[in-house]
Amino acid sequence: MSRILIIAEHDGETLNASTAKCVSCAQAIGSDIDIAVLGDGIDEVAAQAATLDSVSKVIAVNAAHLAAPLAANWAPEALSLAADYSHVLGPSTTLGRDLMPRIAALAGVNQVSDIMEVSGPTAFKRPIYAGNAIVDVEAAEGAKVIATARIASWKAAGNSGGATVEQRAASSSAAGHTRYVGLESGGGERPDLQSASRVVSGGRAMGSEENFGLVYSLADKLGAGVGASRAAVDAGYCPNDMQVGQTGKIIAPDLYLAFGISGAIQHVTGIKDAGTIVAVNKDSEAPIFEISDIGLVGDLFKVMPELESLLG
Amino acid sequence: MKILVGIKRVVDYNVRVRVRPDGSGVDTDGVKMSVNPFDEIALEEALRIKEAGNAEEVIVVTAGGDECQQQLRTGLAMGADRAIQIQTSESLQPLSIARALLKVIEREDPGLVLLGKQAIDGDNSQTGQMLAALWDRPQATFASKMVLNGNTATVTREVDAGLETIEVDLPAVVTVDLRMNEPRFVKLPDIMKAKRKPLDVIPLADLGVTVEGDLKVHHFAPPPQRQKGIMVEDAAQLVQELKSRGLI
Ligand SMILES: Cc1cc2nc3c(=O)[nH]c(=O)nc-3n(C[C@H](O)[C@H](O)[C@H](O)COP(=O)(O)OP(=O)(O)OC[C@H]3O[C@@H](n4cnc5c(N)ncnc54)[C@H](O)[C@@H]3O)c2cc1C
Ligand SMILES: Nc1ncnc2c1ncn2[C@@H]1O[C@H](COP(=O)(O)O)[C@@H](O)[C@H]1O
């Protein structure tokens, strides 16, 4: 029988949407699902986790050394909780990708990265080669499954659950060798890129940080999150946390609008799961048109202001 | 201090990878192979640290078949002092690679281990974190900036929420992101010079690492393809189309 433990992602106050997506992945594996919330002063986060559908129990571990999500501190704690479970699941976000392999190594198993589909309790599909191939992988018999759920592949679980919250004392102590200094957040008030239902993205063709303002204002008209190609980030037009693609964020909004993005495979792999892809590019041969649902050959400096005024 | 840099031979990032019709793997026959792009950045960073006088030796290490010596030579041509091949004909999964790298660490005693944040073939993004766990040392993953200050390093990490800064004691494992630096180009004389630099070959079994607990990989399939959609003429038509599909 599968017993699944999900490691919650949060910022100390709010549960990250990736956790509800992990719950959906867990539901495909089995029905016995608990969530661990590690942190310091996280009662509110634990209460949020307790509302997720199909979750039986939330284990809250409060300790000063767990306040920041340092893998060196979280992994030993997660490992000790994992003793009672057959599966430990985290999100494919930077948190999960940092943390879960550290847990897996301590548990002596290989990790299943980026589960996109569950074929059985220990059998999964995952993407490799920037999504150019999908492989079937199976965990070794009897071994603990430690995995990340590819969050673009899973819808968030609902909020009508009522799990119990159990407080547990930390069994680990601080790994003195790693210290958290701080976080400089790039995004502002706009919808979170990874959970936004609409995303507007700009590429190298935006030309400057100032011009990138066109992306923000159109996004605001649409209530959309803002994304970018790597070229736009590297050129300094926008912060790194907006990068979409193989080495940025893999997203699955209902609507994705790409302006002045050529459609390199490393970018496209980040948007393949979008509902509808719209591309505006002045080059009719741009590869992005091969995968877009609606294409428009044109100059973005003309099209973007027009769109903005048409949207009222 | 010595710096150990892990490099992996992978299909070049410009190659359009195709799955073999029988689903047994991806087609790598005659395909261009390169050093994993992140690993080049890791090596570049190591070389800069050495050039700044903060390290004495840069060692590149790979676990793989003899064909990987080509990528080790590239590393030597870039400026690494010597190379180690952990020789195996099996394709190892991250836990085994981490175990093997740990054995090399025990022999070489490096002050810093630099790896890529992910290998672009398997896209696992696990090896560095696993190595740090087994070594019981700090990990700083997805690094875009690193400042060494004696026995510690301050590392800026590219995380989903922005830029996170952590401080780690050395030795530590740092996995690098693309924005850390731009790797240098290899010049022809350096390629000649690299041929004379030492390259040690250590069979995996000699390190006492046994491969176990691997995930079974059954079948490779091409991803579902998105179809090319329609083209519209102007912004007005685009808005109309989005409205008719109920998207705005
Ligand atoms: C290991 C690796 C990982 C990578 N990971 C990522 C990743 O995660 N995300 C990512 O995005 N990239 C990634 N890349 C980079 C990727 O290969 C491309 O270089 C990048 O996506 C290009 O960005 P772009 O489309 O904005 O720029 P370009 O390719 O330069 O395209 C600009 C486009 O704008 C169009 N254009 C120019 N002017 C106008 C105008 N006035 N109006 C309309 N259109 C115009 C041009 O026709 C062109 O198609 C990665 C690369 C490597 C090697
Ligand atoms: N076979 C290997 N030999 C040496 N280093 C490796 C090997 N495989 C992975 N690495 C290192 O580990 C990083 C992450 O790889 P992965 O965990 O497979 O995504 C790579 O960027 C390399 O630096």
# chains A, B, ... in the order shown; residues from 1 in each chain; ligands from 1
>>> residues_near_ligand(ligand="ligand 1", cutoff="9 Å", atoms="only C-alpha atoms and all ligand atoms", output="NGL selection string")
(:A and (130 or 202-207 or 228-233 or 243-250 or 259-270 or 280-288 or 297-303)) or (:B and (12-14 or 36-38 or 118-120 or 178))
>>> residues_near_ligand(ligand="ligand 2", cutoff="8 Å", atoms="only C-alpha atoms and all ligand atoms", output="ChimeraX atom specification")
/B:5-9,36-39,42,61-64,86,91-94,97,101,114-128,175
>>> interface_residues(of="chain A", to="chain B", cutoff="7 Å", atoms="only C-alpha atoms", output="NGL selection string")
:A and (72 or 93-94 or 97-98 or 101-102 or 105-106 or 109-110 or 113 or 128-140 or 177-186 or 240-241 or 289-296 or 303 or 306-307)
>>> write_last_selection(atoms="N, CA and C atoms", output="short mmCIF file (atom, residue, chain, number, x, y, z; two decimals), in the first residue's frame")
data_model
loop_
_atom_site.label_atom_id
_atom_site.label_comp_id
_atom_site.auth_asym_id
_atom_site.auth_seq_id
_atom_site.Cartn_x
_atom_site.Cartn_y
_atom_site.Cartn_z
N ALA A 72 19.99 21.71 3.37
CA ALA A 72 20.85 21.06 4.37
C ALA A 72 20.12 20.88 5.70
N THR A 93 9.66 22.70 -8.55
CA THR A 93 10.11 24.10 -8.46
C THR A 93 11.56 24.11 -7.99
N THR A 94 12.15 25.30 -7.91
CA THR A 94 13.55 25.34 -7.45
C THR A 94 13.65 24.80 -6.03
N ARG A 97 13.58 20.93 -6.45
CA ARG A 97 14.76 20.43 -7.14
C ARG A 97 16.01 20.54 -6.29
N ASP A 98 16.02 21.49 -5.38
CA ASP A 98 17.15 21.64 -4.46
C ASP A 98 17.06 20.60 -3.35
N PRO A 101 16.52 15.79 -4.07
CA PRO A 101 17.67 14.89 -4.29
C PRO A 101 18.51 14.71 -3.04
N ARG A 102 18.53 15.73 -2.19
CA ARG A 102 19.31 15.60 -0.95
C ARG A 102 18.64 14.55 -0.04
N ALA A 105 19.31 11.02 -1.65
CA ALA A 105 20.66 10.49 -1.42
C ALA A 105 20.77 9.97 0.01
N LEU A 106 20.19 10.70 0.97
CA LEU A 106 20.24 10.24 2.36
C LEU A 106 19.48 8.93 2.51
N VAL A 109 18.44 6.26 -2.50
CA VAL A 109 17.73 5.92 -3.74
C VAL A 109 17.92 7.02 -4.78
N ASN A 110 17.72 6.67 -6.04
CA ASN A 110 17.68 7.67 -7.09
C ASN A 110 16.33 8.36 -7.04
N SER A 113 12.66 12.47 -11.19
CA SER A 113 12.47 13.91 -11.40
C SER A 113 11.29 14.16 -12.33
N ILE A 128 12.68 14.02 -20.78
CA ILE A 128 14.12 14.22 -20.82
C ILE A 128 14.47 15.01 -22.08
N TYR A 129 15.73 15.37 -22.25
CA TYR A 129 16.15 16.13 -23.43
C TYR A 129 15.21 17.32 -23.67
N ALA A 130 15.05 18.15 -22.68
CA ALA A 130 14.21 19.35 -22.81
C ALA A 130 12.82 19.01 -23.36
N GLY A 131 12.30 17.87 -22.93
CA GLY A 131 10.95 17.51 -23.33
C GLY A 131 10.87 16.88 -24.73
N ASN A 132 12.02 16.62 -25.35
CA ASN A 132 12.00 16.01 -26.68
C ASN A 132 11.79 14.51 -26.64
N ALA A 133 11.81 13.93 -25.45
CA ALA A 133 11.49 12.52 -25.31
C ALA A 133 10.81 12.32 -23.95
N ILE A 134 9.92 11.35 -23.92
CA ILE A 134 9.24 11.01 -22.67
C ILE A 134 9.64 9.58 -22.33
N VAL A 135 10.12 9.35 -21.10
CA VAL A 135 10.51 7.98 -20.75
C VAL A 135 9.61 7.42 -19.66
N ASP A 136 9.48 6.09 -19.71
CA ASP A 136 8.81 5.36 -18.63
C ASP A 136 9.89 4.93 -17.65
N VAL A 137 9.75 5.32 -16.40
CA VAL A 137 10.71 4.86 -15.40
C VAL A 137 9.97 4.14 -14.28
N GLU A 138 10.69 3.20 -13.67
CA GLU A 138 10.09 2.45 -12.59
C GLU A 138 11.08 2.38 -11.44
N ALA A 139 10.60 2.67 -10.25
CA ALA A 139 11.47 2.62 -9.08
C ALA A 139 11.80 1.17 -8.76
N ALA A 140 12.96 0.97 -8.14
CA ALA A 140 13.36 -0.38 -7.76
C ALA A 140 12.35 -0.96 -6.77
N HIS A 177 26.87 24.54 8.74
CA HIS A 177 27.71 24.96 7.62
C HIS A 177 27.02 25.78 6.54
N THR A 178 25.69 25.91 6.65
CA THR A 178 24.95 26.63 5.61
C THR A 178 24.06 27.68 6.26
N ARG A 179 24.19 28.91 5.84
CA ARG A 179 23.41 29.99 6.46
C ARG A 179 22.62 30.76 5.41
N TYR A 180 21.38 31.05 5.75
CA TYR A 180 20.51 31.81 4.87
C TYR A 180 20.80 33.29 5.05
N VAL A 181 20.97 34.01 3.95
CA VAL A 181 21.23 35.45 4.05
C VAL A 181 19.99 36.25 3.69
N GLY A 182 19.37 35.95 2.55
CA GLY A 182 18.17 36.72 2.21
C GLY A 182 17.67 36.42 0.81
N LEU A 183 16.53 37.03 0.50
CA LEU A 183 15.91 36.84 -0.80
C LEU A 183 15.59 38.20 -1.40
N GLU A 184 16.01 38.38 -2.65
CA GLU A 184 15.67 39.59 -3.36
C GLU A 184 14.64 39.19 -4.40
N SER A 185 13.43 39.67 -4.18
CA SER A 185 12.34 39.22 -5.03
C SER A 185 12.19 40.13 -6.23
N GLY A 186 12.13 39.52 -7.42
CA GLY A 186 12.06 40.31 -8.64
C GLY A 186 10.64 40.74 -8.98
N ASN A 240 15.50 37.70 -13.51
CA ASN A 240 15.70 36.29 -13.87
C ASN A 240 14.49 35.41 -13.55
N ASP A 241 13.72 35.79 -12.54
CA ASP A 241 12.62 34.89 -12.15
C ASP A 241 11.50 34.88 -13.19
N PHE A 289 6.04 29.94 -34.73
CA PHE A 289 4.77 29.77 -35.45
C PHE A 289 4.42 28.30 -35.70
N GLU A 290 5.44 27.43 -35.62
CA GLU A 290 5.17 25.99 -35.81
C GLU A 290 4.35 25.42 -34.66
N ILE A 291 4.42 26.05 -33.51
CA ILE A 291 3.72 25.49 -32.35
C ILE A 291 2.65 26.44 -31.81
N SER A 292 2.44 27.58 -32.47
CA SER A 292 1.45 28.51 -31.93
C SER A 292 0.06 28.23 -32.49
N ASP A 293 -0.93 28.47 -31.68
CA ASP A 293 -2.32 28.26 -32.11
C ASP A 293 -2.81 29.44 -32.94
N ILE A 294 -2.36 30.64 -32.55
CA ILE A 294 -2.71 31.83 -33.30
C ILE A 294 -1.42 32.62 -33.53
N GLY A 295 -1.11 32.86 -34.79
CA GLY A 295 0.12 33.59 -35.10
C GLY A 295 -0.19 34.90 -35.78
N LEU A 296 0.67 35.87 -35.56
CA LEU A 296 0.51 37.17 -36.22
C LEU A 296 1.90 37.65 -36.63
N VAL A 303 1.96 46.27 -32.79
CA VAL A 303 0.87 45.38 -32.38
C VAL A 303 0.54 45.52 -30.88
N GLU A 306 -1.58 48.51 -30.00
CA GLU A 306 -2.91 48.32 -30.59
C GLU A 306 -3.74 47.36 -29.73
N LEU A 307 -3.10 46.27 -29.33
CA LEU A 307 -3.81 45.29 -28.50
C LEU A 307 -4.28 45.95 -27.22
#
>>> select_by_dssp(residues="segment 12-53 of chain B", states="alpha helix (DSSP H)", output="ChimeraX atom specification")
/B:37-51
>>> residues_around(residues="Leu222 of chain A", least_positions_apart="6", cutoff="12 Å", atoms="only C-alpha atoms", output="NGL selection string")
(:A and (190-191 or 196-200 or 215-216 or 255-257 or 307-312)) or (:B and (239 or 242 or 247-248))
>>> residues_around(residues="His10 of chain A", least_positions_apart="6", cutoff="12 Å", atoms="only C-alpha atoms", output="list of chain:residue names")
A:Asn16, A:Ala17, A:Ser18, A:Thr19, A:Ala20, A:Ala36, A:Val37, A:Leu38, A:Gly39, A:Asp40, A:Gly41, A:Ile42, A:Asp43, A:Glu44, A:Val45, A:Ala46, A:Gln48, A:Ala49, A:Leu66, A:Ala67, A:Ala68, A:Pro69, A:Gly90, A:Pro91, A:Thr93, A:Leu95, A:Gly96, B:Asp160, B:Ala161
>>> write_last_selection(atoms="C-alpha atoms", output="JSON list (two decimals), in the first residue's frame")
[["chain", "number", "residue", "atom", "x", "y", "z"],
["A", 16, "ASN", "CA", 2.72, 27.83, -2.51],
["A", 17, "ALA", "CA", 0.34, 26.67, -5.27],
["A", 18, "SER", "CA", 2.85, 23.95, -6.18],
["A", 19, "THR", "CA", 1.82, 21.97, -3.10],
["A", 20, "ALA", "CA", -1.79, 21.59, -4.31],
["A", 36, "ALA", "CA", 4.66, 17.90, 6.04],
["A", 37, "VAL", "CA", 5.02, 21.62, 6.71],
["A", 38, "LEU", "CA", 8.51, 22.52, 7.88],
["A", 39, "GLY", "CA", 9.30, 26.02, 9.12],
["A", 40, "ASP", "CA", 9.11, 28.36, 12.03],
["A", 41, "GLY", "CA", 5.78, 29.89, 13.01],
["A", 42, "ILE", "CA", 3.90, 28.03, 10.30],
["A", 43, "ASP", "CA", 0.53, 27.33, 11.93],
["A", 44, "GLU", "CA", -1.23, 29.42, 9.30],
["A", 45, "VAL", "CA", 0.48, 27.52, 6.46],
["A", 46, "ALA", "CA", -0.40, 24.20, 8.09],
["A", 48, "GLN", "CA", -4.03, 26.12, 4.60],
["A", 49, "ALA", "CA", -2.51, 22.73, 3.78],
["A", 66, "LEU", "CA", 13.79, 25.24, 9.64],
["A", 67, "ALA", "CA", 12.68, 28.84, 9.08],
["A", 68, "ALA", "CA", 14.48, 29.23, 5.75],
["A", 69, "PRO", "CA", 14.09, 26.41, 3.22],
["A", 90, "GLY", "CA", 7.94, 17.52, -3.68],
["A", 91, "PRO", "CA", 7.29, 20.03, -6.46],
["A", 93, "THR", "CA", 10.11, 24.10, -8.46],
["A", 95, "LEU", "CA", 12.66, 24.39, -3.87],
["A", 96, "GLY", "CA", 11.85, 20.79, -4.77],
["B", 160, "ASP", "CA", 11.59, 30.85, -8.51],
["B", 161, "ALA", "CA", 10.93, 33.83, -6.25]]
>>> atom_distance(atom1="atom CA of Val113 of chain B", atom2="atom CA of Gln70 of chain B")
21.3 Å
>>> atom_distance(atom1="atom CA of Leu188 of chain B", atom2="atom CA of Val31 of chain B")
22.8 Å
>>> residues_around(residues="Thr122 of chain A", least_positions_apart="3", cutoff="10 Å", atoms="only C-alpha atoms", output="list in words")
Ser2, Ile29, Ser86, His87, Val112, Val118, Ser119, Val137, Glu138, Ala139, Ala140, Glu141, Gly142, Ala143, Lys144 and Val145 of chain A; Leu215 of chain B
>>> atom_distance(atom1="atom CA of Ile7 of chain A", atom2="atom CA of Val176 of chain B")
24.6 Å
>>> select_by_dssp(residues="segment 14-136 of chain A", states="strand (DSSP E or B)", output="PyMOL selection string")
chain A and resi 15+33-39+55-62+87-91+111-115+117-120+123-128+133-136
>>> decode(residues="segment 195-209 of chain B", atoms="N, CA and C atoms", output="CSV table (one decimal), in the first residue's frame")
chain,number,residue,atom,x,y,z
B,195,LYS,N,46.8,18.1,-25.0
B,195,LYS,CA,47.2,16.6,-25.2
B,195,LYS,C,48.3,16.1,-24.3
B,196,ARG,N,49.1,17.1,-23.8
B,196,ARG,CA,50.2,16.7,-22.9
B,196,ARG,C,49.8,16.7,-21.4
B,197,LYS,N,48.6,17.2,-21.1
B,197,LYS,CA,48.2,17.3,-19.7
B,197,LYS,C,47.8,15.9,-19.2
B,198,PRO,N,48.0,15.7,-17.9
B,198,PRO,CA,47.6,14.3,-17.4
B,198,PRO,C,46.1,14.0,-17.4
B,199,LEU,N,45.8,12.8,-17.8
B,199,LEU,CA,44.4,12.3,-17.8
B,199,LEU,C,44.5,10.9,-17.1
B,200,ASP,N,44.0,10.8,-15.9
B,200,ASP,CA,44.0,9.5,-15.2
B,200,ASP,C,42.7,8.8,-15.5
B,201,VAL,N,42.9,7.5,-15.7
B,201,VAL,CA,41.7,6.6,-15.9
B,201,VAL,C,41.6,5.7,-14.7
B,202,ILE,N,40.4,5.8,-14.0
B,202,ILE,CA,40.2,4.9,-12.8
B,202,ILE,C,39.0,4.1,-13.1
B,203,PRO,N,39.1,2.8,-13.2
B,203,PRO,CA,37.9,2.0,-13.4
B,203,PRO,C,36.9,2.2,-12.2
B,204,LEU,N,35.6,2.3,-12.5
B,204,LEU,CA,34.6,2.5,-11.5
B,204,LEU,C,34.8,1.5,-10.3
B,205,ALA,N,35.0,0.2,-10.7
B,205,ALA,CA,35.1,-0.8,-9.7
B,205,ALA,C,36.2,-0.6,-8.7
B,206,ASP,N,37.3,0.0,-9.2
B,206,ASP,CA,38.5,0.3,-8.3
B,206,ASP,C,38.1,1.3,-7.3
B,207,LEU,N,37.1,2.1,-7.5
B,207,LEU,CA,36.7,3.1,-6.5
B,207,LEU,C,35.8,2.4,-5.4
B,208,GLY,N,35.4,1.2,-5.7
B,208,GLY,CA,34.6,0.5,-4.7
B,208,GLY,C,33.1,0.9,-4.8
B,209,VAL,N,32.7,1.4,-5.9
B,209,VAL,CA,31.3,1.8,-6.1
B,209,VAL,C,30.6,0.7,-6.8
